[in-house]
Amino acid sequence: MPDDIALAVEGVGHHFGAATVLKDCTLGVPAGAVAALVGRNGAGKSTLLRAAAGVLRPYRGTVRVFGRPAGPDVLRRIGFVAQHAPLFRTLTVAETLRLGARLNPRWDAAHARRLADAAALPDRARVGALSTGQRTRLALALALGKRPDLLILDEPLAGLDPVARAEVTGALMGEVAERGVTVLLSAHVVADVESVCDHVVVLAGGRAVLSAPVEAALDAHRLAVGPARDAAALAGHDVVELRRDGAEFTALVRAAGPPPGGTAVAWHRPTLEELLLAHLRADRPQPAPEVSAA
Amino acid sequence: MISFRIDRRSGTAVYAQLVLQVRQAVRTGRLGAGDRLPTAREVAERHGVNPNTVLRAYRDLEAAGLVEPRQGSGTYVRAALPSPPADVPGLRKDLAAWVGRARAAGLDDPDMHALLAEAAAEAADHAQDRKGAVNDAR
Amino acid sequence: MTWLALRLLRPYLLVAAAVTAACLGYVGYAAGVVQGGLDAAEVPGCLDPNVCYPQGAALDAVLGLELVAAFAPALLGLILGVGTFAPAREQDTEAFVLTQSVSRRRWVLTTFGWALAAAVLCAGSVAAAHRLVATRYTVLANDTYELLQLLHVNSPGFMTAQAVVAVTLAGLVGLGTGRTLRTLVATAAGTPFAVMAASLVAALLLYPLTLLTGAPEPGGGSFTDDISALDPFGYLVAAVVAAGAAAAVLVAPRVGVRGGR
């Protein structure tokens, strides 16, 4: 049973100084999934991923990886590439790969070398002299050389040109096909992850407001579009977000049974982008009770 | 081997695009019996799509009887297709003649597309009605 | 991990080694200058400031020796300490190391260990050179540079302890703040206070210890007795600092686990 769930986050809360980033955050990523963690800038994506990788210990809640507390115990099963793919800039590519071999008992040198060669990384180049795309691919080779069961990537595609973007996603998906590694990657550009992920987690207001397989999430929502005078048709529905545009309204609702007829409201199955954007927009900063009390 | 084209802006799910492209390739004869489809890994790596999506598309194609998996060697277009490939050249000839008439009648390309879509939708409705009528008759 | 720790410390080790070599070279040179003055006055073995108080260049050389002894150890500690954790957290290479099957504990202990060892080696060499080569000349102007003397008390233990304090402080602040500049400033400002605190503890311990072992013999009036007069105090400070550093190193793996910057 623990191996069915690659990552289980329960009631995690964390803050930096006075700024709360995560608040009672709960979510699960099933083994074998390619999960996208979506949220606006500053939503706490990095904090959550760092907690999962065991780099950061949250103040509250538990983070379990394959059933065991995140940290030294499961370190060997986790591959992590932090935001901006940090590596030692003064080391060369060859030295960095050697470092992976020295530090990881389960190191697969041949695999790491293959990935580095596929990215055409010059052995003697200093990491600091590589382009962002090359550095990302080297960091990915380091993370995958560990032969991880869970790969955690923080904004792996940010700052990459379109070619590097396609290469990185290709390398990543090849690994998923070959090894069935579970992937959790964060993104703030929805289009980046649309063809890649089969599971989606939306982080807003420090909480996971949605965590589900993509198809199930799309099935569970409806996009209602109609004239504003028919907005009453939404009564009794769990409305995620309602927007008025002149005489028309658009609303994302959680589907419960067949849509009601008899009005001019059209009910569509949302696209992933519509679904995610509605959830992200629904959490516009609102005056929180504890803030006004303080 | 078929090379897929994934259009991320089309709004069509990637899996549906893969199914459609294999279907079209078989219908137009670009893929023949016994041809191998690229592995999920190859498609995933080349196009940066989730391999599970590719596998799902292949499963659908398999259920439709278009392809069959062979143990350990990949997915192949079936030797005996469930229905013979349509008479594509013949249809194209008819269509070319129709396009000529439509042009002469003053229709431009978008008009023709719209007309074709309408006719296809109508034909689908008729097929449904016929099926219903058959069921009613029983 | 040792390879990585040393590889990352390499630039700082090189700078520290260069500073150490320069200090050693200067100690040799300055001693030669003062000895030259003594030779010229035809009192080569003189140890009495009343007879052969250094003049001109020789006095400057003594000042140089005092300055090296007073400030080089803390400087070496600063060079070696600031590079340990602050840049790794600032550039987030910490996240890279900590997800390479290396526990936080191992990373912190190894890095800290090597930085401290290098600091002891470098500052120890300078301190030993001062004690063995320079003190025989600085004693000739003891009264002139009394304040500077207070900063190193001629004790190799005391001087080396200053480097250890600087490395420990820089390591802790670096882990806690993850900011290189802040670490540099805080360490430079905090080291004197930490040394003072250790001295205070040592002084408080010294009194019961002297009761236990009996008061040391009063000096025989020779000027060279000044050199070793504060040795018990110096080594006690070193012991206090060593204990403090050991405690700090043990808690260090728990510093900065919340990831705040």
# chains A, B, ... in the order shown; residues from 1 in each chain; ligands from 1
>>> interface_residues(of="chain A", to="chain C", cutoff="10 Å", atoms="only C-alpha atoms", output="PyMOL selection string")
chain A and resi 14-17+47+50-51+53-59+71-91+95-96+99-107+139+142-143+145-146
>>> residues_around(residues="segment 34-40 of chain C", least_positions_apart="4", cutoff="8 Å", atoms="only C-alpha atoms", output="PyMOL selection string")
chain C and resi 30+44-46+52+54-55+57-59+61-62+137
>>> write_last_selection(atoms="N, CA, C and O atoms", output="PDB file, in the first residue's frame")
ATOM      1  N   ALA C  30      60.668  40.482   9.223  1.00  0.00           N
ATOM      2  CA  ALA C  30      60.657  41.473  10.295  1.00  0.00           C
ATOM      3  C   ALA C  30      61.634  41.079  11.405  1.00  0.00           C
ATOM      4  O   ALA C  30      62.343  41.928  11.958  1.00  0.00           O
ATOM      5  N   PRO C  44      73.761  41.485  19.883  1.00  0.00           N
ATOM      6  CA  PRO C  44      72.904  40.540  19.142  1.00  0.00           C
ATOM      7  C   PRO C  44      71.984  39.713  20.050  1.00  0.00           C
ATOM      8  O   PRO C  44      70.910  39.328  19.643  1.00  0.00           O
ATOM      9  N   GLY C  45      72.347  39.477  21.262  1.00  0.00           N
ATOM     10  CA  GLY C  45      71.529  38.605  22.114  1.00  0.00           C
ATOM     11  C   GLY C  45      70.714  39.375  23.132  1.00  0.00           C
ATOM     12  O   GLY C  45      70.161  38.789  24.054  1.00  0.00           O
ATOM     13  N   CYS C  46      70.626  40.674  22.950  1.00  0.00           N
ATOM     14  CA  CYS C  46      69.992  41.506  23.964  1.00  0.00           C
ATOM     15  C   CYS C  46      68.501  41.235  24.088  1.00  0.00           C
ATOM     16  O   CYS C  46      67.779  41.103  23.109  1.00  0.00           O
ATOM     17  N   CYS C  52      68.302  47.854  24.665  1.00  0.00           N
ATOM     18  CA  CYS C  52      68.292  47.835  23.196  1.00  0.00           C
ATOM     19  C   CYS C  52      66.887  48.023  22.640  1.00  0.00           C
ATOM     20  O   CYS C  52      66.407  47.245  21.846  1.00  0.00           O
ATOM     21  N   PRO C  54      64.135  48.941  20.234  1.00  0.00           N
ATOM     22  CA  PRO C  54      64.308  49.055  18.776  1.00  0.00           C
ATOM     23  C   PRO C  54      64.043  50.475  18.277  1.00  0.00           C
ATOM     24  O   PRO C  54      63.173  51.171  18.804  1.00  0.00           O
ATOM     25  N   GLN C  55      64.777  50.841  17.269  1.00  0.00           N
ATOM     26  CA  GLN C  55      64.670  52.185  16.709  1.00  0.00           C
ATOM     27  C   GLN C  55      64.268  52.121  15.246  1.00  0.00           C
ATOM     28  O   GLN C  55      64.622  51.193  14.535  1.00  0.00           O
ATOM     29  N   ALA C  57      63.243  51.551  11.686  1.00  0.00           N
ATOM     30  CA  ALA C  57      62.698  50.426  10.937  1.00  0.00           C
ATOM     31  C   ALA C  57      62.468  49.224  11.843  1.00  0.00           C
ATOM     32  O   ALA C  57      61.519  48.458  11.658  1.00  0.00           O
ATOM     33  N   ALA C  58      63.313  49.062  12.832  1.00  0.00           N
ATOM     34  CA  ALA C  58      63.185  47.912  13.724  1.00  0.00           C
ATOM     35  C   ALA C  58      61.898  48.019  14.533  1.00  0.00           C
ATOM     36  O   ALA C  58      61.184  47.033  14.742  1.00  0.00           O
ATOM     37  N   LEU C  59      61.533  49.256  14.944  1.00  0.00           N
ATOM     38  CA  LEU C  59      60.298  49.446  15.721  1.00  0.00           C
ATOM     39  C   LEU C  59      59.072  49.189  14.847  1.00  0.00           C
ATOM     40  O   LEU C  59      58.101  48.567  15.274  1.00  0.00           O
ATOM     41  N   ALA C  61      59.038  47.168  12.373  1.00  0.00           N
ATOM     42  CA  ALA C  61      58.983  45.713  12.180  1.00  0.00           C
ATOM     43  C   ALA C  61      58.293  45.050  13.364  1.00  0.00           C
ATOM     44  O   ALA C  61      57.481  44.130  13.193  1.00  0.00           O
ATOM     45  N   VAL C  62      58.586  45.552  14.569  1.00  0.00           N
ATOM     46  CA  VAL C  62      57.938  44.997  15.758  1.00  0.00           C
ATOM     47  C   VAL C  62      56.431  45.244  15.694  1.00  0.00           C
ATOM     48  O   VAL C  62      55.618  44.360  15.963  1.00  0.00           O
ATOM     49  N   TYR C 137      61.650  39.201  19.778  1.00  0.00           N
ATOM     50  CA  TYR C 137      61.907  40.592  19.390  1.00  0.00           C
ATOM     51  C   TYR C 137      60.819  41.526  19.876  1.00  0.00           C
ATOM     52  O   TYR C 137      61.073  42.656  20.252  1.00  0.00           O
TER      53      TYR C 137
END
>>> interface_residues(of="chain A", to="chain B", cutoff="10 Å", atoms="only C-alpha atoms", output="list in words")
Gly32, Ala33, Val34, Arg165, Ala166, Glu167, Val168, Thr169, Gly170, Ala171, Leu172, Met173, Gly174, Glu175, Val176, Ala177, Glu178, Gly180, Ala191, Asp192, Val193, Glu194, Ser195, Val196, Cys197, Asp198, Thr271, Leu272 and Glu273 of chain A
>>> atom_distance(atom1="atom CA of Pro270 of chain A", atom2="atom CA of Gly205 of chain A")
22.8 Å
>>> atom_distance(atom1="atom CA of Leu151 of chain C", atom2="atom CA of Leu63 of chain C")
13.1 Å
>>> atom_distance(atom1="atom CA of Asp225 of chain C", atom2="atom CA of Leu76 of chain C")
28.5 Å
>>> residues_around(residues="Gly34 of chain B", least_positions_apart="5", cutoff="9 Å", atoms="only C-alpha atoms", output="PDB file with N, CA, C and O atoms, in the first residue's frame")
ATOM      1  N   VAL B  67      -5.072  -2.037 -34.857  1.00  0.00           N
ATOM      2  CA  VAL B  67      -3.691  -2.455 -34.587  1.00  0.00           C
ATOM      3  C   VAL B  67      -3.704  -3.605 -33.597  1.00  0.00           C
ATOM      4  O   VAL B  67      -4.727  -3.875 -32.951  1.00  0.00           O
ATOM      5  N   TYR B  76       1.549  -3.289 -34.075  1.00  0.00           N
ATOM      6  CA  TYR B  76       1.570  -3.381 -35.537  1.00  0.00           C
ATOM      7  C   TYR B  76       0.180  -3.165 -36.108  1.00  0.00           C
ATOM      8  O   TYR B  76      -0.835  -3.486 -35.466  1.00  0.00           O
ATOM      9  N   VAL B  77       0.139  -2.628 -37.307  1.00  0.00           N
ATOM     10  CA  VAL B  77      -1.129  -2.513 -38.022  1.00  0.00           C
ATOM     11  C   VAL B  77      -1.572  -3.931 -38.383  1.00  0.00           C
ATOM     12  O   VAL B  77      -0.764  -4.759 -38.800  1.00  0.00           O
ATOM     13  N   ARG B  78      -2.858  -4.236 -38.150  1.00  0.00           N
ATOM     14  CA  ARG B  78      -3.321  -5.617 -38.314  1.00  0.00           C
ATOM     15  C   ARG B  78      -3.271  -6.076 -39.765  1.00  0.00           C
ATOM     16  O   ARG B  78      -3.513  -5.300 -40.693  1.00  0.00           O
ATOM     17  N   ALA B  79      -2.947  -7.345 -39.905  1.00  0.00           N
ATOM     18  CA  ALA B  79      -2.839  -7.929 -41.241  1.00  0.00           C
ATOM     19  C   ALA B  79      -4.202  -7.873 -41.931  1.00  0.00           C
ATOM     20  O   ALA B  79      -4.320  -7.414 -43.063  1.00  0.00           O
TER      21      ALA B  79
END
>>> select_by_dssp(residues="segment 10-90 of chain B", states="strand (DSSP E)", output="number ranges by chain")
B: 36-37, 67-70, 74-77
